[in-house]
Amino acid sequence: MNVGEYRYSVAPSNSLTKGSQKEAFHLMERRGVGDLAGPLILIAIGVLLLLNTTGILRWDVWGSLWRYWPVLLIIWGVSIFFGRGSRVVGFLFVVFLVILGLFVASNVVPGAFDGMRWGEAPGAERTKQLAVSYDQYRPSEVDLEISIGAGQVFASTGATQNILDATATYVRDRDEPELDVSASGRRLSVKYGTDTRWTSFFPVPFRYRNEHRVTLGRPEIPTSLKFRVGAGNLDAAFDGLTATRLELAVGAGEAKVGFPTPGDIRAAGNPAVQFEAGAGTVHISQLGNVGARRIKGSVGSGTGYLDLTGAQTTGTVTADVEVGAGKMVILIPEGMGLRVDASIGAGSLWVDGTKYSTRDLGSSRRYLSPDYDRAASRLDLTVKIGAGRIEVEHTR
């Protein structure tokens, strides 16, 4: 019999007998792990994505799992060295699948592996409070940066005399937040964050209670916002904030930033918005309430949502958006004129429910709404679309 050939009998359909298990093992051994690794990896990825889309598994698990992709290179190298049918390769691949299964189980079933001693063991819950006093600094401008690798962050404006109040609940030492405050003249720089380094080798994350609540007590002070979120989640709502800039970077996590009520548009100047999402989700709403004029962002394989509605949506807004394999939705106020300069690959551009490809737009590759020239407010949008999709919709 030639290597790679295998004849088998069909086992009874109502049970998996010991004989069929042995046959399956010999099938893997004879065909070689190299022949089965590709299909099994695709199946594993498909299962993970199915769990993501059905809401069973959070999308931010990819941030932790992605750190271990070199393991596949190790298995591939070992298979070349020992041969595709080697038992060593088969053992390594089985170990990889078992670890992947434990990783999924630890995220689907909360606390499934609590009490084990892989990596850094969980300890007692701790609380830390931090504050930046207005009486101490009295700034005319504030630069706020929040960087969180994992965990949940809630940020808002509130009734407090301090520039910033923060309360953190955490378990591990590496999740203890630090506050860095420096002043240059009347400009104050505030940095709040945790250690983003990965200290555990085993890729099963514990269900640590890691939560940060940040309150801005002086929304009338012009404030520049910068958020960096790895595999965590950010939920921010800034009522009446005078925002001079918004910068948002998300890895595999999710970030929601909204401005429910207007701030001091004159003091804010012409705020710029910049965002970047890898495999995660970015949701920025009611930018009209801060008078945003310049927007630039990119979405990889994740999802973006950009809402330009609000009380201060007047004049011309310039936006430059790039989408790879993901999806971007842009919501603009009713009556806002729209001009789109598009570069489209295998993806598509949708305007108010109508699909446009490069061929539909013609040689100029430009879409122009009928009311653009006479509209009181306009959006000049430049888009680059790979295999993804951008949707622009007017509110109704």
# chains A, B, ... in the order shown; residues from 1 in each chain; ligands from 1
>>> residues_around(residues="Thr354 of chain A", least_positions_apart="5", cutoff="12 Å", atoms="only C-alpha atoms", output="PDB file with all heavy atoms, in the first residue's frame")
ATOM      1  N   SER A 348     -17.228  47.416  -1.444  1.00  0.00           N
ATOM      2  CA  SER A 348     -18.334  48.197  -1.989  1.00  0.00           C
ATOM      3  C   SER A 348     -18.603  49.436  -1.144  1.00  0.00           C
ATOM      4  O   SER A 348     -18.310  49.477   0.046  1.00  0.00           O
ATOM      5  CB  SER A 348     -19.609  47.346  -2.072  1.00  0.00           C
ATOM      6  OG  SER A 348     -19.968  46.860  -0.788  1.00  0.00           O
ATOM      7  N   LEU A 349     -19.197  50.431  -1.799  1.00  0.00           N
ATOM      8  CA  LEU A 349     -19.645  51.663  -1.160  1.00  0.00           C
ATOM      9  C   LEU A 349     -21.159  51.733  -1.274  1.00  0.00           C
ATOM     10  O   LEU A 349     -21.717  51.545  -2.360  1.00  0.00           O
ATOM     11  CB  LEU A 349     -19.008  52.878  -1.835  1.00  0.00           C
ATOM     12  CG  LEU A 349     -19.576  54.248  -1.464  1.00  0.00           C
ATOM     13  CD1 LEU A 349     -19.235  54.591  -0.016  1.00  0.00           C
ATOM     14  CD2 LEU A 349     -19.053  55.327  -2.406  1.00  0.00           C
ATOM     15  N   ASP A 360     -19.679  51.851 -11.256  1.00  0.00           N
ATOM     16  CA  ASP A 360     -20.895  52.664 -11.111  1.00  0.00           C
ATOM     17  C   ASP A 360     -20.574  54.147 -10.971  1.00  0.00           C
ATOM     18  O   ASP A 360     -21.340  55.008 -11.417  1.00  0.00           O
ATOM     19  CB  ASP A 360     -21.701  52.204  -9.894  1.00  0.00           C
ATOM     20  CG  ASP A 360     -22.186  50.769 -10.033  1.00  0.00           C
ATOM     21  OD1 ASP A 360     -22.515  50.365 -11.170  1.00  0.00           O
ATOM     22  OD2 ASP A 360     -22.223  50.058  -9.017  1.00  0.00           O
ATOM     23  N   LEU A 361     -19.433  54.471 -10.348  1.00  0.00           N
ATOM     24  CA  LEU A 361     -19.081  55.869 -10.122  1.00  0.00           C
ATOM     25  C   LEU A 361     -18.498  56.533 -11.357  1.00  0.00           C
ATOM     26  O   LEU A 361     -18.426  57.756 -11.432  1.00  0.00           O
ATOM     27  CB  LEU A 361     -18.069  55.971  -8.973  1.00  0.00           C
ATOM     28  CG  LEU A 361     -18.576  55.521  -7.595  1.00  0.00           C
ATOM     29  CD1 LEU A 361     -17.436  55.522  -6.592  1.00  0.00           C
ATOM     30  CD2 LEU A 361     -19.703  56.417  -7.117  1.00  0.00           C
ATOM     31  N   TYR A 367     -18.826  60.323  -6.061  1.00  0.00           N
ATOM     32  CA  TYR A 367     -20.271  60.430  -5.863  1.00  0.00           C
ATOM     33  C   TYR A 367     -20.567  61.825  -5.336  1.00  0.00           C
ATOM     34  O   TYR A 367     -19.887  62.325  -4.433  1.00  0.00           O
ATOM     35  CB  TYR A 367     -20.762  59.388  -4.854  1.00  0.00           C
ATOM     36  CG  TYR A 367     -22.184  59.625  -4.415  1.00  0.00           C
ATOM     37  CD1 TYR A 367     -23.253  59.091  -5.134  1.00  0.00           C
ATOM     38  CD2 TYR A 367     -22.471  60.411  -3.295  1.00  0.00           C
ATOM     39  CE1 TYR A 367     -24.564  59.324  -4.743  1.00  0.00           C
ATOM     40  CE2 TYR A 367     -23.772  60.641  -2.893  1.00  0.00           C
ATOM     41  CZ  TYR A 367     -24.811  60.102  -3.626  1.00  0.00           C
ATOM     42  OH  TYR A 367     -26.100  60.347  -3.240  1.00  0.00           O
ATOM     43  N   ILE A 390     -18.229  50.146   3.102  1.00  0.00           N
ATOM     44  CA  ILE A 390     -18.521  51.420   3.768  1.00  0.00           C
ATOM     45  C   ILE A 390     -19.936  51.832   3.431  1.00  0.00           C
ATOM     46  O   ILE A 390     -20.325  51.848   2.257  1.00  0.00           O
ATOM     47  CB  ILE A 390     -17.527  52.526   3.341  1.00  0.00           C
ATOM     48  CG1 ILE A 390     -16.117  52.220   3.867  1.00  0.00           C
ATOM     49  CG2 ILE A 390     -17.980  53.897   3.863  1.00  0.00           C
ATOM     50  CD1 ILE A 390     -15.087  53.268   3.525  1.00  0.00           C
ATOM     51  N   GLU A 391     -20.708  52.162   4.457  1.00  0.00           N
ATOM     52  CA  GLU A 391     -22.083  52.603   4.266  1.00  0.00           C
ATOM     53  C   GLU A 391     -22.231  54.035   4.790  1.00  0.00           C
ATOM     54  O   GLU A 391     -21.828  54.327   5.911  1.00  0.00           O
ATOM     55  CB  GLU A 391     -23.048  51.690   5.029  1.00  0.00           C
ATOM     56  CG  GLU A 391     -23.029  50.234   4.586  1.00  0.00           C
ATOM     57  CD  GLU A 391     -23.956  49.371   5.413  1.00  0.00           C
ATOM     58  OE1 GLU A 391     -24.719  49.960   6.233  1.00  0.00           O
ATOM     59  OE2 GLU A 391     -23.926  48.149   5.246  1.00  0.00           O
ATOM     60  N   VAL A 392     -22.795  54.903   3.960  1.00  0.00           N
ATOM     61  CA  VAL A 392     -23.076  56.289   4.367  1.00  0.00           C
ATOM     62  C   VAL A 392     -24.581  56.466   4.330  1.00  0.00           C
ATOM     63  O   VAL A 392     -25.219  56.225   3.304  1.00  0.00           O
ATOM     64  CB  VAL A 392     -22.386  57.306   3.436  1.00  0.00           C
ATOM     65  CG1 VAL A 392     -22.609  58.715   3.956  1.00  0.00           C
ATOM     66  CG2 VAL A 392     -20.893  57.006   3.312  1.00  0.00           C
ATOM     67  N   GLU A 393     -25.146  56.885   5.449  1.00  0.00           N
ATOM     68  CA  GLU A 393     -26.589  56.993   5.544  1.00  0.00           C
ATOM     69  C   GLU A 393     -26.993  58.342   6.144  1.00  0.00           C
ATOM     70  O   GLU A 393     -26.381  58.809   7.103  1.00  0.00           O
ATOM     71  CB  GLU A 393     -27.168  55.862   6.419  1.00  0.00           C
ATOM     72  CG  GLU A 393     -26.859  54.456   5.921  1.00  0.00           C
ATOM     73  CD  GLU A 393     -27.363  53.397   6.881  1.00  0.00           C
ATOM     74  OE1 GLU A 393     -27.968  53.780   7.907  1.00  0.00           O
ATOM     75  OE2 GLU A 393     -27.155  52.204   6.602  1.00  0.00           O
TER      76      GLU A 393
END
>>> select_by_dssp(residues="segment 260-385 of chain A", states="strand (DSSP E or B)", output="ChimeraX atom specification")
/A:272-277,281-285,294-299,303-307,315-323,327-332,337-344,348-351,354-356,366-368,377-385
>>> residues_around(residues="segment 161-176 of chain A", least_positions_apart="6", cutoff="7 Å", atoms="only C-alpha atoms", output="list of chain:residue names")
A:Pro122, A:Gly123, A:Ala124, A:Glu125, A:Arg126, A:Thr127, A:Lys128, A:Gln129, A:Leu130, A:Ala131, A:Val132, A:Ser133, A:Tyr134, A:Thr194, A:Asp195, A:Tyr208, A:Arg209, A:Asn210, A:Glu211, A:His212, A:Arg213, A:Val214, A:Thr215, A:Leu216, A:Gly217, A:Arg218
>>> closest_residue(among="A:Asp341, A:Asp135, A:Asp373, A:Glu334", to="Thr358 of chain A", atoms="only C-alpha atoms")
A:Asp341
>>> residues_around(residues="segment 140-151 of chain A", least_positions_apart="5", cutoff="7 Å", atoms="only C-alpha atoms", output="number ranges by chain")
A: 186-194, 196, 210-211, 221-233
